[in-house]
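One file, start-v1.cif, carrying mmCIF, C-alpha atoms:
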```cif
data_model
#
loop_
_atom_site.label_atom_id
_atom_site.label_comp_id
_atom_site.auth_asym_id
_atom_site.auth_seq_id
_atom_site.Cartn_x
_atom_site.Cartn_y
_atom_site.Cartn_z
CA MET A 1 -96.81 -46.32 -59.57
CA LYS A 2 -93.43 -46.82 -57.88
CA VAL A 3 -92.02 -43.83 -59.77
CA LYS A 4 -94.95 -41.67 -58.65
CA ASN A 5 -94.40 -42.65 -54.99
CA ALA A 6 -90.66 -41.93 -55.25
CA LEU A 7 -91.39 -38.47 -56.66
CA SER A 8 -93.80 -37.73 -53.77
CA VAL A 9 -91.18 -38.71 -51.17
CA LEU A 10 -88.59 -36.54 -52.96
CA ALA A 11 -90.97 -33.52 -52.92
CA VAL A 12 -91.55 -33.90 -49.18
CA LEU A 13 -87.78 -34.08 -48.51
CA VAL A 14 -87.17 -30.90 -50.57
CA SER A 15 -89.93 -29.05 -48.68
CA ILE A 16 -88.45 -29.99 -45.30
CA LEU A 17 -84.99 -28.85 -46.44
CA LEU A 18 -86.33 -25.49 -47.66
CA LEU A 19 -88.24 -24.89 -44.42
CA GLY A 20 -85.10 -25.63 -42.40
CA CYS A 21 -83.13 -23.05 -44.39
CA ALA A 22 -85.82 -20.39 -43.92
CA SER A 23 -86.10 -20.90 -40.17
CA ALA A 24 -82.53 -19.95 -39.24
CA PRO A 25 -79.95 -17.35 -40.37
CA LYS A 26 -77.24 -18.64 -42.65
CA GLY A 27 -74.57 -20.45 -40.64
CA LYS A 28 -76.40 -19.96 -37.32
CA SER A 29 -79.27 -22.40 -37.46
CA SER A 30 -78.40 -23.88 -34.05
CA GLU A 31 -78.05 -20.56 -32.17
CA PRO A 32 -80.66 -19.82 -29.46
CA ALA A 33 -82.77 -16.66 -29.84
CA LYS A 34 -81.34 -13.51 -28.22
CA PRO A 35 -83.13 -12.33 -25.07
CA ALA A 36 -85.40 -9.31 -25.33
CA ALA A 37 -84.07 -5.88 -24.31
CA PRO A 38 -84.77 -4.93 -20.68
CA SER A 39 -87.91 -2.97 -19.87
CA GLY A 40 -87.42 0.80 -20.23
CA ALA A 41 -84.49 0.48 -22.65
CA ALA A 42 -84.43 2.00 -26.12
CA PRO A 43 -84.39 -0.21 -29.26
CA GLN A 44 -81.16 -2.13 -30.00
CA ALA A 45 -80.06 0.50 -32.53
CA ALA A 46 -79.48 2.89 -29.62
CA PRO A 47 -79.02 0.68 -26.51
CA ASP A 48 -77.98 3.57 -24.25
CA VAL A 49 -80.98 5.82 -24.97
CA TYR A 50 -83.76 5.84 -22.37
CA MET A 51 -86.97 7.71 -21.69
CA GLY A 52 -87.36 9.63 -18.43
CA ARG A 53 -90.15 11.44 -16.64
CA GLY A 54 -89.98 13.99 -13.81
CA GLU A 55 -92.40 16.12 -11.80
CA SER A 56 -91.68 19.09 -9.52
CA ASP A 57 -92.86 22.55 -8.59
CA SER A 58 -89.70 23.76 -10.38
CA LEU A 59 -89.11 23.35 -14.12
CA LEU A 60 -85.39 22.74 -13.64
CA ARG A 61 -85.93 20.14 -10.91
CA ALA A 62 -88.55 18.38 -13.06
CA MET A 63 -86.04 18.20 -15.93
CA ASN A 64 -83.31 16.85 -13.63
CA ALA A 65 -85.74 14.28 -12.20
CA ALA A 66 -86.50 13.10 -15.75
CA LYS A 67 -82.78 12.71 -16.44
CA MET A 68 -82.29 10.62 -13.29
CA ASP A 69 -85.34 8.51 -14.16
CA ALA A 70 -83.57 7.64 -17.43
CA VAL A 71 -80.39 6.88 -15.46
CA ARG A 72 -82.37 4.61 -13.10
CA LYS A 73 -83.66 2.64 -16.10
CA ALA A 74 -80.08 2.28 -17.35
CA VAL A 75 -79.02 0.99 -13.91
CA ILE A 76 -81.80 -1.63 -14.00
CA ALA A 77 -80.60 -2.71 -17.44
CA MET A 78 -77.05 -3.08 -16.10
CA ILE A 79 -77.65 -4.90 -12.80
CA GLY A 80 -81.26 -6.12 -12.99
CA ALA A 81 -84.39 -4.96 -11.17
CA ALA A 82 -83.78 -7.20 -8.11
CA GLN A 83 -80.26 -5.84 -7.50
CA GLU A 84 -81.48 -2.29 -8.09
CA GLN A 85 -84.14 -2.76 -5.40
CA ALA A 86 -81.67 -4.43 -3.01
CA ASN A 87 -79.28 -1.47 -3.35
CA ALA A 88 -82.01 1.20 -3.42
CA LYS A 89 -80.75 3.12 -0.37
CA LYS A 90 -77.13 3.20 -1.50
CA LEU A 91 -78.11 4.13 -5.06
CA GLU A 92 -80.15 7.04 -3.75
CA GLU A 93 -77.15 8.31 -1.75
CA VAL A 94 -74.41 7.88 -4.35
CA LEU A 95 -76.24 8.34 -7.65
CA TYR A 96 -79.93 9.23 -7.80
CA SER A 97 -79.69 12.29 -5.50
CA THR A 98 -76.71 13.83 -7.30
CA SER A 99 -76.73 17.60 -7.74
CA ASN A 100 -75.15 17.16 -11.19
CA PRO A 101 -77.33 14.78 -13.27
CA ASN A 102 -75.61 16.01 -16.45
CA ALA A 103 -72.54 13.94 -15.44
CA TYR A 104 -74.53 10.76 -16.16
CA VAL A 105 -76.33 11.74 -19.37
CA LYS A 106 -75.42 13.18 -22.77
CA ASN A 107 -77.27 16.45 -22.37
CA GLU A 108 -76.56 17.75 -25.87
CA ALA A 109 -78.59 14.88 -27.38
CA MET A 110 -81.62 15.23 -25.10
CA GLU A 111 -85.00 15.17 -26.85
CA THR A 112 -87.90 16.83 -25.02
CA LEU A 113 -91.11 14.83 -25.45
CA ARG A 114 -93.36 16.75 -23.08
CA LYS A 115 -93.13 19.92 -20.96
CA ASP A 116 -96.33 20.90 -19.13
CA ASN A 117 -97.54 22.72 -16.06
CA VAL A 118 -100.32 20.62 -14.55
CA GLY A 119 -102.05 22.04 -11.48
CA GLY A 120 -98.96 24.02 -10.45
CA LYS A 121 -96.63 21.04 -11.02
CA PHE A 122 -94.17 20.91 -13.93
CA VAL A 123 -94.13 17.63 -15.86
CA TYR A 124 -91.06 16.91 -18.01
CA GLU A 125 -90.66 13.88 -20.29
CA ILE A 126 -87.50 13.23 -22.31
CA ARG A 127 -85.57 10.73 -24.40
CA ILE A 128 -81.83 10.92 -23.67
CA PRO A 129 -78.61 8.92 -24.10
CA VAL A 130 -76.98 7.98 -20.80
CA ASN A 131 -73.26 8.11 -20.04
CA ARG A 132 -72.79 4.38 -19.47
CA ALA A 133 -69.11 4.71 -18.49
CA ALA A 134 -69.88 7.28 -15.78
CA ILE A 135 -72.75 5.18 -14.38
CA GLU A 136 -70.68 1.99 -14.35
CA SER A 137 -67.78 3.82 -12.68
CA THR A 138 -70.05 5.01 -9.85
CA LEU A 139 -71.67 1.58 -9.45
CA ARG A 140 -68.28 -0.15 -9.31
CA ALA A 141 -66.82 2.41 -6.89
CA HIS A 142 -69.57 1.59 -4.41
CA GLY A 143 -69.59 -2.17 -4.89
CA ILE A 144 -72.95 -2.32 -6.67
CA LEU A 145 -71.69 -3.55 -10.04
CA ARG A 146 -69.23 -6.47 -10.02
CA ASP A 147 -67.95 -8.84 -12.69
CA ALA A 148 -68.54 -12.57 -12.24
CA SER A 149 -64.81 -13.11 -11.71
CA THR A 150 -64.79 -10.48 -8.97
CA GLN A 151 -67.71 -12.14 -7.19
CA ASP A 152 -65.79 -15.45 -7.06
CA THR A 153 -62.55 -14.02 -5.61
CA SER A 154 -61.19 -15.23 -2.31
CA LYS A 155 -62.08 -13.65 1.02
CA ALA A 156 -58.74 -11.84 1.25
CA ALA A 157 -59.15 -10.32 -2.21
CA ALA A 158 -62.71 -9.26 -1.37
CA GLN A 159 -61.51 -7.50 1.80
CA GLU A 160 -58.85 -5.67 -0.19
CA LEU A 161 -61.52 -4.56 -2.67
CA VAL A 162 -63.69 -3.21 0.14
CA LYS A 163 -60.75 -1.19 1.47
CA LYS A 164 -60.08 0.29 -1.97
CA GLU A 165 -63.75 1.15 -2.40
CA ALA A 166 -63.81 2.87 0.98
CA VAL A 167 -60.80 5.00 0.00
CA ALA A 168 -62.35 5.78 -3.41
CA SER A 169 -65.67 6.65 -1.78
CA SER A 170 -63.97 8.94 0.72
CA ALA A 171 -61.97 10.68 -2.02
CA THR A 172 -65.08 11.07 -4.18
CA LYS A 173 -67.02 12.60 -1.30
CA GLU A 174 -64.20 15.05 -0.59
CA LEU A 175 -64.27 16.20 -4.21
CA GLU A 176 -68.06 16.27 -4.61
CA GLU A 177 -69.26 17.60 -1.28
CA PRO A 178 -68.85 21.27 -0.33
CA PRO A 179 -67.47 22.17 3.12
CA LYS A 180 -69.94 21.60 5.95
CA TYR A 181 -71.13 24.60 7.90
CA GLN A 182 -73.40 24.92 10.87
CA GLU A 183 -76.93 23.92 9.90
CA PRO A 184 -79.16 27.02 9.56
CA THR A 185 -82.01 27.32 12.04
CA PRO A 186 -85.63 26.93 10.80
CA GLU A 187 -85.98 30.73 11.00
CA GLU A 188 -82.85 31.22 8.88
CA LYS A 189 -84.02 28.66 6.32
CA ASN A 190 -87.39 30.40 6.15
CA PHE A 191 -85.68 33.76 5.61
CA LEU A 192 -83.51 32.34 2.83
CA ARG A 193 -86.49 30.76 1.09
CA LYS A 194 -88.40 34.07 1.13
CA TYR A 195 -85.29 35.96 0.04
CA LEU A 196 -84.76 33.71 -2.99
CA ASP A 197 -88.44 33.98 -3.93
CA SER A 198 -88.23 37.78 -3.95
CA LEU A 199 -85.02 38.29 -5.93
CA THR A 200 -84.85 41.33 -8.20
CA TYR A 201 -83.66 40.74 -11.79
CA MET A 202 -82.10 43.24 -14.18
CA VAL A 203 -82.01 42.29 -17.87
CA TYR A 204 -79.73 43.89 -20.43
CA PHE A 205 -78.30 42.91 -23.82
CA ASN A 206 -74.71 42.09 -24.73
CA GLU A 207 -73.34 45.40 -26.00
CA ASP A 208 -70.81 43.58 -28.21
CA SER A 209 -73.58 41.75 -30.06
CA LYS A 210 -73.75 42.25 -33.82
CA GLU A 211 -77.52 41.79 -33.81
CA ASP A 212 -79.91 44.63 -34.71
CA PRO A 213 -79.96 46.97 -31.63
CA PHE A 214 -83.71 47.49 -32.02
CA LEU A 215 -84.28 43.73 -31.78
CA MET A 216 -81.98 43.47 -28.75
CA LYS A 217 -83.84 46.25 -26.95
CA ALA A 218 -87.11 44.54 -27.84
CA ALA A 219 -85.70 41.30 -26.38
CA VAL A 220 -85.00 43.06 -23.06
CA GLY A 221 -88.58 44.33 -22.95
CA MET A 222 -89.90 40.83 -23.71
CA ALA A 223 -87.73 39.29 -20.96
CA ASN A 224 -88.93 41.84 -18.40
CA SER A 225 -92.53 41.18 -19.39
CA ILE A 226 -92.02 37.44 -18.86
CA LEU A 227 -90.46 38.05 -15.44
CA ILE A 228 -93.29 40.31 -14.30
CA SER A 229 -96.02 37.97 -15.62
CA ASN A 230 -94.43 35.21 -13.52
CA GLY A 231 -94.53 37.32 -10.36
CA LYS A 232 -90.82 38.26 -10.34
CA ASN A 233 -89.28 41.65 -9.59
CA ALA A 234 -87.69 43.28 -12.65
CA VAL A 235 -85.72 46.51 -13.12
CA ASP A 236 -87.17 48.86 -15.74
CA TYR A 237 -84.99 49.09 -18.86
CA ALA A 238 -85.47 52.87 -18.93
CA GLU A 239 -83.86 53.15 -15.48
CA VAL A 240 -80.82 51.22 -16.70
CA GLU A 241 -80.45 53.48 -19.73
CA LYS A 242 -80.83 56.64 -17.60
CA LEU A 243 -78.07 55.60 -15.16
CA LYS A 244 -75.83 54.54 -18.01
CA LYS A 245 -76.22 57.92 -19.70
CA ASP A 246 -76.20 60.27 -16.69
CA GLN A 247 -73.73 58.66 -14.26
CA LYS A 248 -70.78 57.51 -16.34
CA ILE A 249 -68.38 59.84 -14.49
CA LEU A 250 -69.65 58.64 -11.08
CA TYR A 251 -69.17 55.03 -12.21
CA GLU A 252 -65.56 55.74 -13.18
CA GLU A 253 -64.93 57.42 -9.81
CA GLU A 254 -66.55 54.68 -7.71
CA ALA A 255 -65.75 51.47 -9.59
CA GLY A 256 -63.22 52.23 -12.29
CA LYS A 257 -61.88 48.93 -13.61
CA GLU A 258 -63.11 46.88 -10.64
CA MET A 259 -66.36 45.92 -12.37
CA SER A 260 -68.33 46.43 -15.57
CA MET A 261 -70.72 49.34 -15.79
CA ILE A 262 -73.68 46.93 -16.10
CA GLN A 263 -72.70 45.25 -12.83
CA TRP A 264 -72.30 48.65 -11.18
CA ILE A 265 -75.76 49.72 -12.44
CA ALA A 266 -77.25 46.44 -11.17
CA GLN A 267 -75.84 47.22 -7.74
CA LYS A 268 -77.08 50.82 -7.84
CA LEU A 269 -80.60 49.61 -8.73
CA ASN A 270 -80.51 46.89 -6.03
CA ALA A 271 -80.79 44.01 -8.49
CA ASP A 272 -79.74 40.66 -7.02
CA VAL A 273 -79.18 39.05 -10.43
CA TYR A 274 -78.47 40.59 -13.81
CA ILE A 275 -79.14 38.65 -17.01
CA GLU A 276 -77.28 39.35 -20.23
CA ILE A 277 -79.04 38.48 -23.50
CA ASP A 278 -77.07 37.63 -26.61
CA ALA A 279 -78.95 36.70 -29.78
CA VAL A 280 -78.49 35.84 -33.43
CA THR A 281 -81.55 36.02 -35.70
CA GLU A 282 -82.11 34.98 -39.29
CA GLY A 283 -84.86 36.06 -41.68
CA GLU A 284 -86.20 35.17 -45.10
CA THR A 285 -88.92 36.55 -47.35
CA GLN A 286 -90.81 34.51 -49.92
CA GLY A 287 -93.33 36.65 -51.78
CA THR A 288 -95.60 38.15 -49.13
CA ASN A 289 -94.55 35.64 -46.46
CA HIS A 290 -91.80 36.43 -43.97
CA TYR A 291 -89.92 33.89 -41.85
CA GLY A 292 -87.61 34.24 -38.87
CA SER A 293 -85.59 32.17 -36.40
CA ALA A 294 -83.52 33.04 -33.32
CA LYS A 295 -80.73 31.57 -31.24
CA ILE A 296 -80.20 33.14 -27.83
CA THR A 297 -77.85 32.72 -24.89
CA LEU A 298 -78.80 34.01 -21.44
CA LYS A 299 -75.97 34.52 -18.95
CA MET A 300 -76.90 35.10 -15.31
CA PHE A 301 -74.61 36.93 -12.86
CA GLU A 302 -74.76 37.61 -9.13
CA SER A 303 -74.68 41.41 -8.92
CA SER A 304 -72.53 41.91 -5.81
CA THR A 305 -69.62 39.77 -7.00
CA GLY A 306 -70.19 39.39 -10.75
CA THR A 307 -70.08 35.60 -10.32
CA LEU A 308 -71.52 33.66 -13.27
CA LEU A 309 -74.58 31.71 -12.07
CA GLY A 310 -75.29 29.86 -15.31
CA SER A 311 -75.83 30.02 -19.04
CA VAL A 312 -78.97 29.02 -20.95
CA PRO A 313 -78.74 28.52 -24.73
CA TYR A 314 -82.01 28.15 -26.66
CA SER A 315 -83.15 28.08 -30.30
CA SER A 316 -86.55 28.92 -31.73
CA PRO A 317 -88.54 27.07 -34.36
CA ARG A 318 -89.06 28.94 -37.63
CA THR A 319 -91.72 31.63 -37.23
CA PHE A 320 -94.00 33.23 -39.80
CA SER A 321 -95.34 36.74 -40.34
CA ARG A 322 -97.23 38.54 -43.09
CA VAL A 323 -96.05 41.93 -41.78
CA SER A 324 -92.25 41.95 -42.13
CA GLN A 325 -89.02 40.06 -41.53
CA PHE A 326 -88.46 42.17 -38.41
CA ASP A 327 -91.82 41.01 -37.06
CA ALA A 328 -90.99 37.36 -37.85
CA LYS A 329 -87.65 37.71 -36.03
CA SER A 330 -89.36 39.40 -33.06
CA ASN A 331 -91.81 36.50 -32.86
CA ALA A 332 -88.90 34.04 -32.89
CA LEU A 333 -87.15 35.95 -30.11
CA GLN A 334 -90.30 36.07 -28.02
CA SER A 335 -91.02 32.34 -28.30
CA THR A 336 -87.41 31.52 -27.41
CA LEU A 337 -87.29 33.86 -24.41
CA PHE A 338 -90.63 32.50 -23.20
CA LYS A 339 -89.00 29.07 -22.86
CA ALA A 340 -85.54 30.16 -21.72
CA MET A 341 -86.32 32.80 -19.06
CA PRO A 342 -87.99 30.43 -16.53
CA ILE A 343 -84.97 28.11 -16.80
CA ALA A 344 -82.60 31.05 -16.24
CA VAL A 345 -84.54 32.12 -13.14
CA GLU A 346 -84.55 28.59 -11.69
CA GLN A 347 -80.82 28.14 -12.36
CA SER A 348 -80.07 31.46 -10.67
CA LYS A 349 -82.13 30.55 -7.60
CA SER A 350 -80.55 27.10 -7.41
CA MET A 351 -76.98 28.46 -7.58
CA LEU A 352 -77.68 31.25 -5.08
CA ALA A 353 -79.31 28.76 -2.68
CA LYS A 354 -76.03 26.81 -2.62
CA ALA A 355 -73.92 29.98 -2.37
CA PHE A 356 -76.01 31.25 0.55
CA GLU A 357 -76.00 27.99 2.56
CA ARG A 358 -74.03 29.71 5.32
CA GLY A 359 -75.73 33.08 4.92
CA ILE A 360 -75.94 35.85 2.33
CA ARG A 361 -72.47 37.20 1.61
CA TYR A 362 -72.02 40.92 2.28
CA GLU A 363 -68.85 43.00 2.04
CA LEU A 364 -68.18 45.35 4.95
CA ILE A 365 -65.48 48.02 4.58
CA LEU A 366 -64.39 50.10 7.57
CA GLN A 367 -62.26 53.18 6.83
CA ASN A 368 -59.61 54.47 9.30
CA THR A 369 -58.79 51.28 11.21
CA SER A 370 -55.41 52.09 12.74
CA ASP A 371 -56.39 50.81 16.22
CA THR A 372 -55.99 47.05 15.80
CA ARG A 373 -57.21 46.25 19.36
CA LEU A 374 -60.44 48.12 18.68
CA MET A 375 -60.85 46.28 15.37
CA THR A 376 -60.31 42.94 17.13
CA ARG A 377 -63.08 43.70 19.65
CA PHE A 378 -65.43 44.81 16.87
CA ARG A 379 -64.66 41.72 14.78
CA SER A 380 -65.21 39.38 17.76
CA ARG A 381 -68.62 40.87 18.64
CA LEU A 382 -69.82 40.97 15.04
CA ARG A 383 -68.75 37.34 14.48
CA SER A 384 -70.89 36.23 17.43
CA LYS A 385 -73.97 37.81 15.82
CA VAL A 386 -73.62 36.53 12.24
CA ALA A 387 -73.29 33.12 10.57
CA ASP A 388 -69.62 33.63 9.64
CA LEU A 389 -67.05 36.40 9.27
CA GLN A 390 -63.77 36.52 7.34
CA VAL A 391 -61.12 39.22 7.11
CA ILE A 392 -60.31 39.87 3.45
CA ASN A 393 -57.60 42.50 4.06
CA GLN A 394 -56.60 44.84 6.87
CA SER A 395 -54.47 47.99 7.09
CA ALA A 396 -54.38 51.25 9.02
CA GLU A 397 -56.36 52.90 6.22
CA SER A 398 -59.17 50.33 5.93
CA THR A 399 -60.32 46.81 6.77
CA LYS A 400 -62.52 44.68 4.53
CA PHE A 401 -64.68 41.82 5.85
CA ALA A 402 -66.81 39.15 4.18
CA VAL A 403 -69.90 38.85 6.37
CA PHE A 404 -72.24 35.84 6.00
CA TYR A 405 -75.60 36.78 7.46
CA PHE A 406 -79.18 35.50 7.30
CA GLY A 407 -80.78 38.91 7.02
CA ARG A 408 -81.24 41.87 4.69
CA ILE A 409 -78.66 44.59 4.28
CA ASP A 410 -80.63 47.18 6.26
CA THR A 411 -80.86 44.76 9.21
CA LEU A 412 -77.10 44.19 9.02
CA GLU A 413 -76.57 47.95 9.00
CA GLU A 414 -78.57 48.26 12.22
CA LEU A 415 -76.56 45.42 13.79
CA ILE A 416 -73.26 47.13 12.91
CA TYR A 417 -74.40 50.40 14.51
CA SER A 418 -75.54 48.49 17.62
CA ILE A 419 -72.16 46.78 18.02
CA ALA A 420 -70.21 50.01 17.34
CA ASP A 421 -72.24 51.86 20.00
CA SER A 422 -71.28 49.20 22.57
CA ILE A 423 -67.51 49.62 21.98
CA PRO A 424 -65.87 52.76 23.39
CA GLY A 425 -64.02 54.52 20.58
CA LEU A 426 -66.43 53.44 17.83
CA GLU A 427 -69.46 55.50 18.83
CA GLY A 428 -68.79 57.89 15.94
CA LEU A 429 -69.09 55.20 13.26
CA GLU A 430 -70.74 56.74 10.22
CA GLN A 431 -72.11 55.25 7.01
CA VAL A 432 -70.31 56.34 3.82
CA MET A 433 -72.10 54.25 1.21
CA ILE A 434 -74.32 51.21 0.64
CA ARG A 435 -74.24 49.74 -2.86
CA GLY A 436 -75.53 46.30 -3.76
CA LYS A 437 -74.29 44.04 -0.96
CA THR A 438 -71.39 46.32 0.01
CA LEU A 439 -71.48 48.53 3.12
CA VAL A 440 -68.84 51.21 3.72
CA PHE A 441 -68.42 52.96 7.09
CA ASN A 442 -65.93 55.47 8.50
CA THR A 443 -64.80 54.82 12.10
CA LYS A 444 -63.92 58.53 12.62
CA MET A 445 -60.73 57.44 14.42
CA LYS A 446 -57.93 59.96 14.60
#
```
Using the file provided, produce a representation of the structure as structure tokens.
Amino acid sequence: MKVKNALSVLAVLVSILLLGCASAPKGKSSEPAKPAAPSGAAPQAAPDVYMGRGESDSLLRAMNAAKMDAVRKAVIAMIGAAQEQANAKKLEEVLYSTSNPNAYVKNEAMETLRKDNVGGKFVYEIRIPVNRAAIESTLRAHGILRDASTQDTSKAAAQELVKKEAVASSATKELEEPPKYQEPTPEEKNFLRKYLDSLTYMVYFNEDSKEDPFLMKAAVGMANSILISNGKNAVDYAEVEKLKKDQKILYEEEAGKEMSMIQWIAQKLNADVYIEIDAVTEGETQGTNHYGSAKITLKMFESSTGTLLGSVPYSSPRTFSRVSQFDAKSNALQSTLFKAMPIAVEQSKSMLAKAFERGIRYELILQNTSDTRLMTRFRSRLRSKVADLQVINQSAESTKFAVFYFGRIDTLEELIYSIADSIPGLEGLEQVMIRGKTLVFNTKMK
């Protein structure tokens, strides 16, 4: 009986020992459980990956809002929800309202979860890694993120820190913020909004591309169709080809090496933006089934200056056709352009909106400007009627101005005639040429 009781006690002791081993990791049985990850954060395997959601009447702005929503969740994970709320105003100024959200995320690893147009509003949902170092740097620079040791420093050290932050903040603002110009009037803002909504686009393909020319021409037609179906103004491809064929000599006389022929054609056809398509397609045939895929890059340029406004790379999923490989590749191109073109348009508008903050930039060239006093009077009167005026170069033969003006080119032409008529000696001013955003006049001075 005693032996039986002893065996029972021994069995109980062994059970307790086994349960104790199973309840804790080896060597860490006394460690407390780790706290759960903060709300909104990704699993521990990828602690800097967050989901974001954005809404806007613009696809690009909706995407950027989604990126900053992911950044906001990362900020909460770093400083806590209470501190994020307490610093809401400052965070909005120094981080959340940035014009460059890509500085705070790893854009190349972005995963699109949803992209919809709901009742005229774009909805964009993503999963994206954040740039923790960049976020922490901004938070520290503005005194939002501090180490425990920093919080316990003496008053003198704290004051020194505030001074350094003020200097850093000032330097950051100088680098990030563009020069300030006189705020446009409501009428000027309204003009600019309408102007940007009615831009004319010219699409052409990269002539150095090694892709099938027939596919590239088809891509231009697809892009124009997408523009027109979205209510945009597009230049007919046939018009581009006609000018390119018939006016090569005129191009060489007028522009020479100053600009590419495509830019010159865009100016001649009054396109505000020209978009260059480059593409690489791949195809495969398996029995009677044909497959295709496409990678494209859209580059957008401002026609008057040739300034690059942005670049949009995009890849298609694999497409299928029972007709031919060419048809499968065409389908891939079409699906890719359908997604990429609206982004290209929004990027172009966004960049031009910033470029035109102090007025649309026109170039004015006056020929025969030997009378410098007369030119000074003309310049003074024109400057008083436009947003800004700069002299690019001046000689007895000609004077070139950069004119920043909230108005169309024909209205500027009328203004120039009006000013010339009011200055004795310039009544004979005569138009030589208008191309793109360049106006050329002859003063008729002797």
message: My list of candidates is A:Ser384, A:Thr112, A:Ser303, A:Asn331. Which is closest to A:Arg435 when distances are computed with all atoms listed in the file?
response: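 Looking only at the distances to A:Arg435, the closest residue turns out to be A:Ser303.
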Near-A:Tyr204 list (8 Å; all atoms listed in the file; drop same-chain fewer than 6 positions) as a PDB file with C-alpha atoms, in the frame of the given file:
```pdb
ATOM      1  CA  VAL A 220     -85.000  43.060 -23.060  1.00  0.00           C
ATOM      2  CA  TYR A 237     -84.990  49.090 -18.860  1.00  0.00           C
ATOM      3  CA  TYR A 274     -78.470  40.590 -13.810  1.00  0.00           C
ATOM      4  CA  ILE A 275     -79.140  38.650 -17.010  1.00  0.00           C
ATOM      5  CA  GLU A 276     -77.280  39.350 -20.230  1.00  0.00           C
ATOM      6  CA  ILE A 277     -79.040  38.480 -23.500  1.00  0.00           C
TER       7      ILE A 277
END
```
query: Could you work out how far atom CA of A:Leu333 lies from atom CA of A:Arg318, giving the answer in Å with one decimal?
result: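 These two atoms are separated by 10.5 Å.
Excluding stretch 210-213 of chain A itself and same-chain residues fewer than 5 positions from it, the residues having an atom within 12 Å of it are Tyr204, Phe205, Ala218, Ala219, Val220, Ile277, Asp278, Ala279, Val280, Thr281, Glu282, Ala294, Lys295, Ile296, Phe326, Lys329, Ser330 and Leu333 of chain A, counting all atoms listed in the file.
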query: Hey, what comes out of the PyMOL selection byres ((chain A and resi 101) around 12) on this file? Could you write it as a VMD selection string?
result: chain A and resid 60 to 72 94 to 100 102 to 107 128 130 to 131 134 to 135
Can you take stretch 235-257 of chain A from the block and write C-alpha atoms as a CSV table (one decimal), in the first residue's frame?
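Below is the file that was written, out.csv:
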```csv
chain,number,residue,atom,x,y,z
A,235,VAL,CA,-3.5,65.6,-81.1
A,236,ASP,CA,-4.3,63.3,-84.0
A,237,TYR,CA,-1.4,60.9,-84.8
A,238,ALA,CA,-1.9,61.5,-88.5
A,239,GLU,CA,-1.3,65.2,-88.0
A,240,VAL,CA,2.0,64.5,-86.3
A,241,GLU,CA,3.1,62.2,-89.1
A,242,LYS,CA,2.1,64.7,-91.8
A,243,LEU,CA,4.2,67.5,-90.2
A,244,LYS,CA,7.1,65.2,-89.6
A,245,LYS,CA,7.1,64.2,-93.3
A,246,ASP,CA,6.3,67.5,-95.0
A,247,GLN,CA,8.0,70.1,-92.9
A,248,LYS,CA,11.5,68.7,-92.1
A,249,ILE,CA,13.2,71.6,-93.9
A,250,LEU,CA,11.2,74.2,-92.1
A,251,TYR,CA,12.0,72.5,-88.7
A,252,GLU,CA,15.7,72.7,-89.5
A,253,GLU,CA,15.4,76.4,-90.5
A,254,GLU,CA,13.4,77.4,-87.4
A,255,ALA,CA,14.7,75.2,-84.6
A,256,GLY,CA,17.8,73.4,-85.8
A,257,LYS,CA,19.5,71.8,-82.8
```
